[in-house]
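Shown next, in C-alpha cells, is the structure this report addresses.
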Amino acid sequence: MDFASTNESSQSQQEVKTSLGVDSGKEKFIPSQFQRAKVNLTSFSSGIRKAFKEITTDAPLVDLDAEIKELDYLSERLAKLTVDTAQQLDLSPTTKFASDALEQVSVTANRKEDQVESEVVLSPEVLDRRQRVVMVLQDLQKQAQIQEQEIEYDFERVYPVSGILCDTDKIDEHQIDLIQQKDSTAASFKMTSAMGETFKKEILPHISEEMVSDGNYKFPGNIMPLPMGDAWIIKVDDVTTIQVSKGAERVFTFKERDYTKPIRDEFGHIVDYERSNVTHPGIPVRALEGAVQIQVEGITDAQLIVGKIDNAFSFLGIPDALVTPDQQAENKYKEARYRWQHRLEDDQKWEEHKEEYKDENGEGLIDHLQRQEVYPGYYTIVDPGAHERYQHDGKLFLLHKVGHTDPKKVLPSILQRGLLSTHERTKRGINSGGMSPDKDFRSGGADSVFMRLAPAILSNVSLNSYPSNNDFHLLINPEVLDRTDWYAYNVDKYGTIEPSEFDARPTVEEFISEQRKSYCMGNEIMMRRGIPPEMISGILARSDEQKTTMIEVLRVDGMQEINGVSLDDFITVSPNSSLKEVISRESSKEVTSV
Amino acid sequence: MKEIKQQQPEEFLSMKKVFMVGSLSDETVLIAVNPIFDEHTLILTWWDTIKDRIKQVKSFEVNEDSILHVTDIQDDSYTFVPLSLQLYNNVVRDQLLGKREFVTDEEMVQAFEDTMDTRY
C-alpha cells in the first residue's frame, strides 16, 4: 500500500501509521520504496524462485544451495536498500541474471501498483478538497508560464503564491501557501506551537531514520538558495521532500569578536577584532518557528502534485490539512486573533470585553469580526471599523520609508505589488543578492512589513530627520489597522517576537495612547506578511525634482493615476517640512479610501 | 554629555556610505548604509539592508580611534566603523546570507547600496 491510500479518511495517527503499512511491532514509518521492495519481494517471491530455477536449469555449473543463500541475502538487502540501490550491488553472473529477472518482476509490479494507485477510488470529500487546491495550483502554473515569457533575467522572476484556507487547529493562520517555483511546487505553512511539539515528540520519532536527515531550512531563491537555520529534511519519495524548521541553529562553539578590542593595520585602520572561544547556545530563528515546506520536484501535473502534497500532510500527522475550516474553527480563530492583538489573555477579562462590546454595539464581537483577503493570497481576521475607533482622539498617519538608488527600480513595483515582508519576499524568490544578514529572521521581524505611526498632533518633528538623499515616504491608509494581525512597539525593536520583549508589548490602545502622549520617531508597527497597493494612499516626496522624476517613471510604466487619484495629487512634496505641516496638508486632502 | 574630540558625527558619517555597526546589547545590528545623524533632534537613522533603523540618541562621541559611539534612549550602545573591504572579509562576510566576495571597496559598497532597490 502506498501513501496515496492513506488520506481517504481522517484517521488517528496510529490508524494512519497502520494504513501506511507500518509494522506495528517496529513502530517505524517505512519509506515507499522500501515498502514497494518488500511488497515486490513478498508478492512475487514464488515468481522469482520460478525464474531462478529456469535460469539455473540453463546454467550448468551452478551450486543451487549457494545461489539460493545468495538470493536470500540479496532479498534481505533489497528489503533494506530498495530495489533501485540493489542494482548497484556487485553480483555474481548468475545472481545478476536472477536480479535482472527480479527487476523485471519489480517493473511489472510497479506498473500494476501505479495502475492500482491511479484506480484508487477517492471519496468525494478527498476529491473535493484536492480539486480546490488543484485549481489554485493550475492558476499559479499559468501565471508562472506567462511570467517566464516576459522576464529577461532570472532575478526578475517572482514566484506566484496563493494561500489556501485549511485545517482547523494544527496550522497557523489556517493557511497553506502554494508556491510555484521555477522547477518545483511548494506548500509552505507554519505549524501551531502545539502541533510543533506533537511533531517533535510523537511524529518525528516514528519516522524511519533513513528518511530523515539534518540540514538547513532552505528557500530556493531566484539568484541563490538561502539557508536559514536548521531543519529536519524528510525525503518522502523520489519527488517529495519535507523541510521542518527547527526554529533555531545548533549549539556551536566559535570565536567571538570583542568589539572593544580592535586590531589595526599599519595605517591605523580597524581591520578586525580580537577573538575568544565562546560556546553559543544556539540562536533562535523566530520567523521560522514551526515553518514547514513541502516541496514536489520533477512533476508538473497539478493533480499528481496535489496528491503528493496531501500525502505529505498525512506523513506529518496532519491528514486533514487540506480541509476547509468550518464555522466553529473559524470562530475559534477569530477569538484567538483578537485576544492576541488586544492582550486579552485572561478568560474573565475576555468575557467582560465581549459583554461590553455587545452592549455598546448591539452585535456580538465574534459575529462582527470577518476573515478577509488582506493581501493577494493572504487571509486574516479583520475588525471592520477599528481604525475609526483608534482615531477617536485624533487622526493617525502611517508612514513607510523607502530608500532607493533609482525610483525606476522600486516605485512601480511598490505601487503594483504593495509591500511585502522579508519572509514573503524570500518565499517568492526575491532576495537582496545575499547582502543582508538574517537578523530579522532571527528576531521574528521578517514576518512583517514595518510602518511608523505619526499622530497628527506632532509639532516639530522634521521629515528630514529621517532622510537620506533619495528616500521618500509612503502614506498608508489607516484602514489597514482594522487587521488583527499586527503588533507594535513604542521604540525600534526590530519587530522582535523574543518572549521577554513580545510578552511585554503594549496593547493597540496603549501603543496609540503612548505615541500621542510621548511620540517616538522610532516606534514601529509590524503588519504581517504584506500591505496591498490599494492601502497606499499617497507619497511624500522630498523635492519638486524628485516628484517630477517619480511622475515620469510612473507614466513610462503606464500609470496615470493611483487608486483613482491623479499622480500630481498622489505625490506631495514636503521639503524640510515638519511632519505637522505635511500632516495638516494631507489632512485637508480627501484621501481616497479603497 | 556631548563629548566631541575630533569630528562631528554628521561629518564623520558623511565620509563613507557603509559602516559596520557593533553593539554588545543589540544583536539586530551589523550594517548601516547611508547613516544620517541630526544633531538638533538627536535622531540617528540608517538603512540596514533590510529596513530603516531609527534611534533617538542620548549621547554621542567620535573618539580618537575614528569610531562613532552612540548611546540611545534605551541605553543601548552602538559603534560605527567605516566598512573597508578587509573589515568586510574579516568580520561581516560570514554573517551575511550570500557571503559574497568582492575585489574592490567600490563593488562592495555598491552591493550594499543595491539592497535598497531589491527589497520590493
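Letters A, B, ... go to the chains of the C-alpha cells in the order shown; residues in each chain start at 1; ligands are counted from 1 in the same order.
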
Write out as an mmCIF file with N, CA and C atoms, in the first residue's frame which residues come within 8 Å of range 52-56 of chain B when counting only C-alpha atoms, dropping same-chain ones fewer than 5 positions away.
```
data_model
loop_
_atom_site.group_PDB
_atom_site.id
_atom_site.type_symbol
_atom_site.label_atom_id
_atom_site.label_comp_id
_atom_site.auth_asym_id
_atom_site.auth_seq_id
_atom_site.Cartn_x
_atom_site.Cartn_y
_atom_site.Cartn_z
ATOM 1 N N LYS A 401 9.046 54.304 5.126
ATOM 2 C CA LYS A 401 10.121 54.967 4.393
ATOM 3 C C LYS A 401 10.698 54.062 3.313
ATOM 4 N N TYR A 466 14.495 62.012 9.125
ATOM 5 C CA TYR A 466 14.558 60.633 8.679
ATOM 6 C C TYR A 466 15.561 60.408 7.542
ATOM 7 N N ASP A 492 12.123 51.416 18.402
ATOM 8 C CA ASP A 492 12.638 50.474 17.402
ATOM 9 C C ASP A 492 13.159 49.213 18.090
ATOM 10 N N CYS A 520 7.569 58.877 19.729
ATOM 11 C CA CYS A 520 8.938 58.418 19.453
ATOM 12 C C CYS A 520 9.022 58.062 17.975
ATOM 13 N N MET A 521 9.934 58.742 17.290
ATOM 14 C CA MET A 521 10.043 58.542 15.849
ATOM 15 C C MET A 521 10.393 57.099 15.487
ATOM 16 N N GLY A 522 11.037 56.413 16.413
ATOM 17 C CA GLY A 522 11.443 55.030 16.139
ATOM 18 C C GLY A 522 10.368 54.006 16.457
ATOM 19 N N LEU B 42 18.646 64.904 17.574
ATOM 20 C CA LEU B 42 19.338 63.721 18.112
ATOM 21 C C LEU B 42 18.751 62.419 17.559
ATOM 22 N N ILE B 43 18.375 62.493 16.283
ATOM 23 C CA ILE B 43 17.862 61.295 15.622
ATOM 24 C C ILE B 43 18.947 60.728 14.706
ATOM 25 N N LEU B 44 19.224 59.464 14.874
ATOM 26 C CA LEU B 44 20.184 58.768 14.022
ATOM 27 C C LEU B 44 19.416 57.739 13.191
ATOM 28 N N THR B 45 19.555 57.825 11.883
ATOM 29 C CA THR B 45 18.835 56.869 11.023
ATOM 30 C C THR B 45 19.818 56.189 10.081
ATOM 31 N N TRP B 46 19.508 54.985 9.689
ATOM 32 C CA TRP B 46 20.293 54.309 8.663
ATOM 33 C C TRP B 46 19.473 53.199 8.025
ATOM 34 N N TRP B 47 19.955 52.759 6.895
ATOM 35 C CA TRP B 47 19.353 51.631 6.191
ATOM 36 C C TRP B 47 20.216 50.415 6.509
ATOM 37 N N ASP B 72 21.659 55.160 22.894
ATOM 38 C CA ASP B 72 20.288 55.624 22.632
ATOM 39 C C ASP B 72 19.492 55.732 23.935
ATOM 40 N N ILE B 73 18.238 56.149 23.792
ATOM 41 C CA ILE B 73 17.437 56.409 24.995
ATOM 42 C C ILE B 73 17.096 55.127 25.757
#
```

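Residues of chain A having any atom within 6 Å of chain B, counting only C-alpha atoms, are Val271, Asp272, Gly403, His404, Lys409, Val410, Ser432, Gly434, Met435, Ser436, Pro437, Lys439 and Gly522 of chain A.
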
Worksheet item: Ile551 in chain A: which residues within 12 Å, counting only C-alpha atoms, same-chain residues fewer than 4 positions away excluded, as an MDAnalysis selection string?
Response: chainID A and resid 407:408 411:412 539 541 544:547 555:562 566:572

Same residues, C-alpha atoms, output as a PDB file, in the first residue's frame:
```pdb
ATOM      1  CA  PRO A 407      12.990  55.221  -8.471  1.00  0.00           C
ATOM      2  CA  LYS A 408      12.617  53.142 -11.626  1.00  0.00           C
ATOM      3  CA  LEU A 411       8.394  52.727  -7.330  1.00  0.00           C
ATOM      4  CA  PRO A 412       6.377  50.870  -9.994  1.00  0.00           C
ATOM      5  CA  ILE A 539       3.694  59.526  -1.413  1.00  0.00           C
ATOM      6  CA  ALA A 541       8.498  63.315  -1.887  1.00  0.00           C
ATOM      7  CA  ASP A 544       9.821  69.021  -6.790  1.00  0.00           C
ATOM      8  CA  GLU A 545      12.586  67.380  -8.787  1.00  0.00           C
ATOM      9  CA  GLN A 546      12.006  64.052  -7.082  1.00  0.00           C
ATOM     10  CA  LYS A 547       8.268  64.330  -7.654  1.00  0.00           C
ATOM     11  CA  ARG A 555       3.914  57.348 -16.694  1.00  0.00           C
ATOM     12  CA  VAL A 556       6.510  55.320 -18.570  1.00  0.00           C
ATOM     13  CA  ASP A 557       5.136  52.323 -16.710  1.00  0.00           C
ATOM     14  CA  GLY A 558       1.650  53.193 -17.911  1.00  0.00           C
ATOM     15  CA  MET A 559       0.310  54.621 -14.664  1.00  0.00           C
ATOM     16  CA  GLN A 560      -1.653  57.839 -14.968  1.00  0.00           C
ATOM     17  CA  GLU A 561      -3.313  57.650 -11.579  1.00  0.00           C
ATOM     18  CA  ILE A 562      -3.008  55.605  -8.414  1.00  0.00           C
ATOM     19  CA  SER A 566      -4.013  61.717 -10.168  1.00  0.00           C
ATOM     20  CA  LEU A 567      -0.244  61.363  -9.872  1.00  0.00           C
ATOM     21  CA  ASP A 568       0.043  65.062  -9.107  1.00  0.00           C
ATOM     22  CA  ASP A 569      -2.278  64.747  -6.134  1.00  0.00           C
ATOM     23  CA  PHE A 570      -0.948  61.374  -5.057  1.00  0.00           C
ATOM     24  CA  ILE A 571       2.601  62.693  -4.640  1.00  0.00           C
ATOM     25  CA  THR A 572       3.075  65.524  -2.150  1.00  0.00           C
TER      26      THR A 572
END
```

Worksheet item: Looking only at the backbone, which of the residues in chain B does DSSP tag as strand (DSSP E or B), as a PyMOL selection string?
Response: chain B and resi 18-22+31-38+43-47+52-62+68-72+77-82+96

Atoms to include: N, CA and C atoms. Write the selected residues as a short mmCIF file (atom, residue, chain, number, x, y, z; two decimals), in the first residue's frame.
```cif
data_model
loop_
_atom_site.label_atom_id
_atom_site.label_comp_id
_atom_site.auth_asym_id
_atom_site.auth_seq_id
_atom_site.Cartn_x
_atom_site.Cartn_y
_atom_site.Cartn_z
N VAL B 18 28.97 53.23 3.80
CA VAL B 18 28.63 52.00 4.52
C VAL B 18 29.50 51.86 5.77
N PHE B 19 28.86 51.55 6.87
CA PHE B 19 29.56 51.38 8.15
C PHE B 19 29.22 50.01 8.74
N MET B 20 30.16 49.51 9.54
CA MET B 20 29.82 48.34 10.33
C MET B 20 29.33 48.83 11.69
N VAL B 21 28.20 48.28 12.12
CA VAL B 21 27.65 48.69 13.41
C VAL B 21 27.85 47.55 14.39
N GLY B 22 28.40 47.90 15.52
CA GLY B 22 28.59 46.88 16.57
C GLY B 22 27.81 47.27 17.81
N ILE B 31 25.08 46.31 9.71
CA ILE B 31 25.48 47.19 8.61
C ILE B 31 24.62 48.47 8.65
N ALA B 32 25.25 49.59 8.38
CA ALA B 32 24.50 50.84 8.22
C ALA B 32 24.85 51.43 6.86
N VAL B 33 23.84 51.54 6.00
CA VAL B 33 24.04 52.18 4.70
C VAL B 33 23.47 53.59 4.81
N ASN B 34 24.23 54.56 4.34
CA ASN B 34 23.81 55.97 4.38
C ASN B 34 23.29 56.42 5.74
N PRO B 35 24.03 56.24 6.80
CA PRO B 35 23.54 56.72 8.10
C PRO B 35 23.54 58.25 8.15
N ILE B 36 22.56 58.81 8.82
CA ILE B 36 22.48 60.26 8.96
C ILE B 36 22.13 60.59 10.40
N PHE B 37 22.83 61.58 10.91
CA PHE B 37 22.57 61.99 12.29
C PHE B 37 22.14 63.46 12.29
N ASP B 38 21.04 63.73 12.96
CA ASP B 38 20.59 65.11 13.10
C ASP B 38 20.89 65.55 14.52
N ILE B 43 18.37 62.49 16.28
CA ILE B 43 17.86 61.30 15.62
C ILE B 43 18.95 60.73 14.71
N LEU B 44 19.22 59.46 14.87
CA LEU B 44 20.18 58.77 14.02
C LEU B 44 19.42 57.74 13.19
N THR B 45 19.55 57.83 11.88
CA THR B 45 18.83 56.87 11.02
C THR B 45 19.82 56.19 10.08
N TRP B 46 19.51 54.99 9.69
CA TRP B 46 20.29 54.31 8.66
C TRP B 46 19.47 53.20 8.02
N TRP B 47 19.95 52.76 6.89
CA TRP B 47 19.35 51.63 6.19
C TRP B 47 20.22 50.42 6.51
N ASP B 52 14.76 50.41 7.51
CA ASP B 52 15.39 51.60 8.03
C ASP B 52 15.35 51.58 9.56
N ARG B 53 16.42 51.99 10.16
CA ARG B 53 16.52 52.00 11.61
C ARG B 53 16.51 53.44 12.10
N ILE B 54 15.88 53.66 13.21
CA ILE B 54 15.85 54.99 13.80
C ILE B 54 16.17 54.87 15.27
N LYS B 55 17.14 55.63 15.71
CA LYS B 55 17.49 55.62 17.13
C LYS B 55 17.44 57.05 17.66
N GLN B 56 16.81 57.22 18.79
CA GLN B 56 16.87 58.52 19.46
C GLN B 56 18.08 58.47 20.39
N VAL B 57 19.00 59.35 20.10
CA VAL B 57 20.31 59.28 20.74
C VAL B 57 20.34 60.10 22.02
N LYS B 58 20.98 59.53 23.02
CA LYS B 58 21.14 60.23 24.29
C LYS B 58 22.52 60.88 24.37
N SER B 59 23.52 60.16 23.92
CA SER B 59 24.87 60.72 23.92
C SER B 59 25.66 60.18 22.73
N PHE B 60 26.65 60.95 22.30
CA PHE B 60 27.45 60.50 21.15
C PHE B 60 28.86 61.04 21.26
N GLU B 61 29.75 60.38 20.54
CA GLU B 61 31.15 60.80 20.57
C GLU B 61 31.89 60.16 19.40
N VAL B 62 32.65 60.98 18.69
CA VAL B 62 33.58 60.41 17.72
C VAL B 62 34.93 60.43 18.40
N LEU B 68 32.54 56.15 15.83
CA LEU B 68 31.42 56.89 16.42
C LEU B 68 30.74 56.00 17.46
N HIS B 69 30.69 56.50 18.67
CA HIS B 69 29.99 55.78 19.74
C HIS B 69 28.69 56.52 20.03
N VAL B 70 27.59 55.82 20.04
CA VAL B 70 26.34 56.46 20.43
C VAL B 70 25.61 55.59 21.45
N THR B 71 24.87 56.26 22.30
CA THR B 71 24.02 55.55 23.25
C THR B 71 22.61 56.07 23.05
N ASP B 72 21.66 55.16 22.89
CA ASP B 72 20.29 55.62 22.63
C ASP B 72 19.49 55.73 23.94
N SER B 77 24.20 50.75 23.46
CA SER B 77 25.35 51.46 22.87
C SER B 77 25.73 50.85 21.53
N TYR B 78 26.14 51.72 20.63
CA TYR B 78 26.49 51.28 19.28
C TYR B 78 27.80 51.92 18.86
N THR B 79 28.57 51.19 18.06
CA THR B 79 29.78 51.78 17.46
C THR B 79 29.64 51.72 15.94
N PHE B 80 30.04 52.79 15.29
CA PHE B 80 30.00 52.86 13.83
C PHE B 80 31.43 52.98 13.31
N VAL B 81 31.84 52.00 12.52
CA VAL B 81 33.19 51.98 11.95
C VAL B 81 33.07 51.92 10.43
N PRO B 82 33.78 52.80 9.71
CA PRO B 82 33.71 52.74 8.24
C PRO B 82 34.08 51.34 7.76
N LEU B 96 26.65 37.31 6.54
CA LEU B 96 25.66 37.59 5.50
C LEU B 96 25.18 36.28 4.87
#
```

Worksheet item: Skipping near chain neighbours, those fewer than 6 positions away, what residues fall within 6 Å of Gln295 in chain A using only C-alpha atoms, listed as a PyMOL selection string?
Response: chain A and resi 185-186+240-241

Worksheet entry | Closest of A:Ser543, A:Asn311, A:Gln141, A:Ser184 to Ile299 in chain A - atom-to-atom distances counting only C-alpha atoms |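 Checking each of A:Ser543, A:Asn311, A:Gln141, A:Ser184 against Ile299 in chain A, counting only C-alpha atoms, the winner is A:Ser184.
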
Item to complete: Please indicate the distance in Å from CA of Val480 in chain A to CA of Glu156 in chain A, rounded to one decimal place.
Response: 28.6 Å

Discussion item. What's the separation between CA of Glu363 in chain A and CA of Ala329 in chain A, in Å to one decimal place?
Written reply: 20.0 Å

Based on the backbone DSSP call, show me all residues of range 10-116 of chain B assigned alpha helix (DSSP H), as a PDB file with N, CA and C atoms, in the first residue's frame.
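Result saved to out10.pdb:
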```pdb
ATOM      1  N   GLU B  10      27.898  64.135  12.093  1.00  0.00           N
ATOM      2  CA  GLU B  10      27.394  64.343  10.728  1.00  0.00           C
ATOM      3  C   GLU B  10      28.521  64.234   9.714  1.00  0.00           C
ATOM      4  N   GLU B  11      29.615  64.908  10.049  1.00  0.00           N
ATOM      5  CA  GLU B  11      30.763  64.921   9.145  1.00  0.00           C
ATOM      6  C   GLU B  11      31.369  63.521   9.045  1.00  0.00           C
ATOM      7  N   PHE B  12      31.487  62.877  10.202  1.00  0.00           N
ATOM      8  CA  PHE B  12      32.065  61.532  10.238  1.00  0.00           C
ATOM      9  C   PHE B  12      31.239  60.561   9.389  1.00  0.00           C
ATOM     10  N   LEU B  13      29.924  60.621   9.538  1.00  0.00           N
ATOM     11  CA  LEU B  13      29.062  59.677   8.820  1.00  0.00           C
ATOM     12  C   LEU B  13      28.975  59.986   7.331  1.00  0.00           C
ATOM     13  N   SER B  14      29.239  61.255   6.977  1.00  0.00           N
ATOM     14  CA  SER B  14      29.147  61.606   5.557  1.00  0.00           C
ATOM     15  C   SER B  14      30.390  61.186   4.774  1.00  0.00           C
ATOM     16  N   LEU B  85      37.054  46.874   2.775  1.00  0.00           N
ATOM     17  CA  LEU B  85      36.948  45.527   2.217  1.00  0.00           C
ATOM     18  C   LEU B  85      37.558  44.495   3.168  1.00  0.00           C
ATOM     19  N   GLN B  86      38.653  44.922   3.816  1.00  0.00           N
ATOM     20  CA  GLN B  86      39.314  44.000   4.743  1.00  0.00           C
ATOM     21  C   GLN B  86      38.417  43.694   5.947  1.00  0.00           C
ATOM     22  N   LEU B  87      37.790  44.729   6.449  1.00  0.00           N
ATOM     23  CA  LEU B  87      36.879  44.530   7.591  1.00  0.00           C
ATOM     24  C   LEU B  87      35.677  43.681   7.156  1.00  0.00           C
ATOM     25  N   ASP B 105      36.613  47.913  -2.885  1.00  0.00           N
ATOM     26  CA  ASP B 105      35.709  48.567  -1.929  1.00  0.00           C
ATOM     27  C   ASP B 105      34.456  49.068  -2.640  1.00  0.00           C
ATOM     28  N   GLU B 106      34.673  49.614  -3.846  1.00  0.00           N
ATOM     29  CA  GLU B 106      33.552  50.209  -4.576  1.00  0.00           C
ATOM     30  C   GLU B 106      32.472  49.167  -4.895  1.00  0.00           C
ATOM     31  N   GLU B 107      32.916  47.996  -5.327  1.00  0.00           N
ATOM     32  CA  GLU B 107      31.955  46.915  -5.628  1.00  0.00           C
ATOM     33  C   GLU B 107      31.153  46.552  -4.384  1.00  0.00           C
ATOM     34  N   MET B 108      31.857  46.461  -3.283  1.00  0.00           N
ATOM     35  CA  MET B 108      31.207  46.073  -2.034  1.00  0.00           C
ATOM     36  C   MET B 108      30.161  47.128  -1.622  1.00  0.00           C
ATOM     37  N   VAL B 109      30.578  48.392  -1.685  1.00  0.00           N
ATOM     38  CA  VAL B 109      29.672  49.472  -1.291  1.00  0.00           C
ATOM     39  C   VAL B 109      28.439  49.478  -2.198  1.00  0.00           C
ATOM     40  N   GLN B 110      28.678  49.302  -3.500  1.00  0.00           N
ATOM     41  CA  GLN B 110      27.568  49.294  -4.453  1.00  0.00           C
ATOM     42  C   GLN B 110      26.583  48.168  -4.135  1.00  0.00           C
ATOM     43  N   ALA B 111      27.116  47.003  -3.779  1.00  0.00           N
ATOM     44  CA  ALA B 111      26.246  45.858  -3.466  1.00  0.00           C
ATOM     45  C   ALA B 111      25.365  46.163  -2.253  1.00  0.00           C
ATOM     46  N   PHE B 112      25.938  46.850  -1.275  1.00  0.00           N
ATOM     47  CA  PHE B 112      25.125  47.206  -0.105  1.00  0.00           C
ATOM     48  C   PHE B 112      24.080  48.259  -0.467  1.00  0.00           C
ATOM     49  N   GLU B 113      24.485  49.223  -1.296  1.00  0.00           N
ATOM     50  CA  GLU B 113      23.510  50.246  -1.700  1.00  0.00           C
ATOM     51  C   GLU B 113      22.369  49.630  -2.517  1.00  0.00           C
ATOM     52  N   ASP B 114      22.701  48.634  -3.300  1.00  0.00           N
ATOM     53  CA  ASP B 114      21.673  47.994  -4.139  1.00  0.00           C
ATOM     54  C   ASP B 114      20.592  47.304  -3.309  1.00  0.00           C
TER      55      ASP B 114
END
```

Item to complete: Can you pull out every residue within 12 Å of range 343-360 of chain A, counting only C-alpha atoms, but drop anything in the same chain fewer than 3 positions away, and send it as an NGL selection string?
Response: :A and (335-340 or 363-369 or 484 or 486-487 or 502-510)

Please write the residues from the selection above to a file, keeping N, CA and C atoms, as a PDB file, in the first residue's frame.
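Wrote it out as selection-v9.pdb, contents follow:
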```pdb
ATOM      1  N   GLU A 335     -11.453  34.478  17.642  1.00  0.00           N
ATOM      2  CA  GLU A 335     -11.234  34.782  19.061  1.00  0.00           C
ATOM      3  C   GLU A 335      -9.736  34.833  19.369  1.00  0.00           C
ATOM      4  N   ALA A 336      -9.022  33.831  18.861  1.00  0.00           N
ATOM      5  CA  ALA A 336      -7.581  33.760  19.149  1.00  0.00           C
ATOM      6  C   ALA A 336      -6.850  34.994  18.631  1.00  0.00           C
ATOM      7  N   ARG A 337      -7.183  35.403  17.410  1.00  0.00           N
ATOM      8  CA  ARG A 337      -6.511  36.563  16.821  1.00  0.00           C
ATOM      9  C   ARG A 337      -6.806  37.831  17.619  1.00  0.00           C
ATOM     10  N   TYR A 338      -8.071  38.044  17.927  1.00  0.00           N
ATOM     11  CA  TYR A 338      -8.476  39.270  18.611  1.00  0.00           C
ATOM     12  C   TYR A 338      -7.847  39.340  20.007  1.00  0.00           C
ATOM     13  N   ARG A 339      -7.883  38.216  20.703  1.00  0.00           N
ATOM     14  CA  ARG A 339      -7.321  38.196  22.056  1.00  0.00           C
ATOM     15  C   ARG A 339      -5.810  38.396  22.012  1.00  0.00           C
ATOM     16  N   TRP A 340      -5.181  37.843  20.996  1.00  0.00           N
ATOM     17  CA  TRP A 340      -3.730  38.009  20.811  1.00  0.00           C
ATOM     18  C   TRP A 340      -3.398  39.488  20.620  1.00  0.00           C
ATOM     19  N   GLU A 363     -24.129  44.037  18.637  1.00  0.00           N
ATOM     20  CA  GLU A 363     -23.852  42.749  17.976  1.00  0.00           C
ATOM     21  C   GLU A 363     -22.674  42.080  18.670  1.00  0.00           C
ATOM     22  N   GLY A 364     -22.618  40.780  18.525  1.00  0.00           N
ATOM     23  CA  GLY A 364     -21.532  40.037  19.147  1.00  0.00           C
ATOM     24  C   GLY A 364     -20.211  40.336  18.471  1.00  0.00           C
ATOM     25  N   LEU A 365     -19.150  40.375  19.256  1.00  0.00           N
ATOM     26  CA  LEU A 365     -17.832  40.692  18.711  1.00  0.00           C
ATOM     27  C   LEU A 365     -17.397  39.654  17.671  1.00  0.00           C
ATOM     28  N   ILE A 366     -17.593  38.382  17.992  1.00  0.00           N
ATOM     29  CA  ILE A 366     -17.155  37.328  17.066  1.00  0.00           C
ATOM     30  C   ILE A 366     -17.926  37.435  15.744  1.00  0.00           C
ATOM     31  N   ASP A 367     -19.223  37.775  15.843  1.00  0.00           N
ATOM     32  CA  ASP A 367     -20.010  37.943  14.610  1.00  0.00           C
ATOM     33  C   ASP A 367     -19.497  39.122  13.788  1.00  0.00           C
ATOM     34  N   HIS A 368     -18.995  40.132  14.513  1.00  0.00           N
ATOM     35  CA  HIS A 368     -18.518  41.333  13.833  1.00  0.00           C
ATOM     36  C   HIS A 368     -17.203  41.083  13.075  1.00  0.00           C
ATOM     37  N   LEU A 369     -16.364  40.253  13.650  1.00  0.00           N
ATOM     38  CA  LEU A 369     -15.057  40.001  13.022  1.00  0.00           C
ATOM     39  C   LEU A 369     -15.237  39.206  11.726  1.00  0.00           C
ATOM     40  N   THR A 484      -6.253  42.346  12.419  1.00  0.00           N
ATOM     41  CA  THR A 484      -5.923  41.940  13.793  1.00  0.00           C
ATOM     42  C   THR A 484      -4.586  41.202  13.856  1.00  0.00           C
ATOM     43  N   TRP A 486      -1.518  42.566  13.549  1.00  0.00           N
ATOM     44  CA  TRP A 486      -0.362  43.434  13.748  1.00  0.00           C
ATOM     45  C   TRP A 486      -0.103  43.674  15.239  1.00  0.00           C
ATOM     46  N   TYR A 487       1.146  44.035  15.520  1.00  0.00           N
ATOM     47  CA  TYR A 487       1.539  44.405  16.873  1.00  0.00           C
ATOM     48  C   TYR A 487       2.484  45.594  16.762  1.00  0.00           C
ATOM     49  N   PHE A 502       8.298  40.483  23.587  1.00  0.00           N
ATOM     50  CA  PHE A 502       6.981  40.355  22.961  1.00  0.00           C
ATOM     51  C   PHE A 502       5.868  40.261  24.013  1.00  0.00           C
ATOM     52  N   ASP A 503       6.149  39.545  25.083  1.00  0.00           N
ATOM     53  CA  ASP A 503       5.128  39.387  26.118  1.00  0.00           C
ATOM     54  C   ASP A 503       4.883  40.681  26.889  1.00  0.00           C
ATOM     55  N   ALA A 504       5.798  41.634  26.698  1.00  0.00           N
ATOM     56  CA  ALA A 504       5.621  42.919  27.383  1.00  0.00           C
ATOM     57  C   ALA A 504       5.185  44.011  26.412  1.00  0.00           C
ATOM     58  N   ARG A 505       4.827  43.634  25.200  1.00  0.00           N
ATOM     59  CA  ARG A 505       4.465  44.635  24.195  1.00  0.00           C
ATOM     60  C   ARG A 505       3.187  45.358  24.610  1.00  0.00           C
ATOM     61  N   PRO A 506       3.015  46.604  24.157  1.00  0.00           N
ATOM     62  CA  PRO A 506       1.781  47.315  24.520  1.00  0.00           C
ATOM     63  C   PRO A 506       0.579  46.787  23.743  1.00  0.00           C
ATOM     64  N   THR A 507      -0.607  46.987  24.282  1.00  0.00           N
ATOM     65  CA  THR A 507      -1.810  46.686  23.506  1.00  0.00           C
ATOM     66  C   THR A 507      -1.950  47.768  22.439  1.00  0.00           C
ATOM     67  N   VAL A 508      -2.847  47.581  21.517  1.00  0.00           N
ATOM     68  CA  VAL A 508      -3.064  48.571  20.458  1.00  0.00           C
ATOM     69  C   VAL A 508      -3.374  49.936  21.089  1.00  0.00           C
ATOM     70  N   GLU A 509      -4.306  49.931  22.024  1.00  0.00           N
ATOM     71  CA  GLU A 509      -4.734  51.189  22.648  1.00  0.00           C
ATOM     72  C   GLU A 509      -3.586  51.835  23.421  1.00  0.00           C
ATOM     73  N   GLU A 510      -2.821  51.022  24.147  1.00  0.00           N
ATOM     74  CA  GLU A 510      -1.686  51.566  24.916  1.00  0.00           C
ATOM     75  C   GLU A 510      -0.655  52.179  23.976  1.00  0.00           C
TER      76      GLU A 510
END
```

Discussion item. As a VMD selection string, please: the residues near Glu514 in chain A (cut-off 12 Å, only C-alpha atoms, same-chain neighbours under 2 positions excluded).
Written reply: chain A and resid 453 to 455 488 to 491 506 to 512 516 to 520 523

Any chance you could export the current selection's C-alpha atoms as a CSV table (one decimal), in the first residue's frame?
```
chain,number,residue,atom,x,y,z
A,453,LEU,CA,2.9,55.8,13.4
A,454,ALA,CA,2.7,59.6,13.4
A,455,PRO,CA,-0.2,61.2,15.4
A,488,ALA,CA,3.6,47.4,17.8
A,489,TYR,CA,6.4,48.8,19.9
A,490,ASN,CA,6.9,52.3,21.2
A,491,VAL,CA,10.6,52.2,20.1
A,506,PRO,CA,1.8,47.3,24.5
A,507,THR,CA,-1.8,46.7,23.5
A,508,VAL,CA,-3.1,48.6,20.5
A,509,GLU,CA,-4.7,51.2,22.6
A,510,GLU,CA,-1.7,51.6,24.9
A,511,PHE,CA,0.6,52.0,21.9
A,512,ILE,CA,-1.5,54.7,20.3
A,516,ARG,CA,0.0,60.6,21.3
A,517,LYS,CA,1.5,61.5,24.7
A,518,SER,CA,5.1,61.0,24.0
A,519,TYR,CA,5.9,60.5,20.3
A,520,CYS,CA,8.9,58.4,19.5
A,523,ASN,CA,8.1,53.5,17.0
```
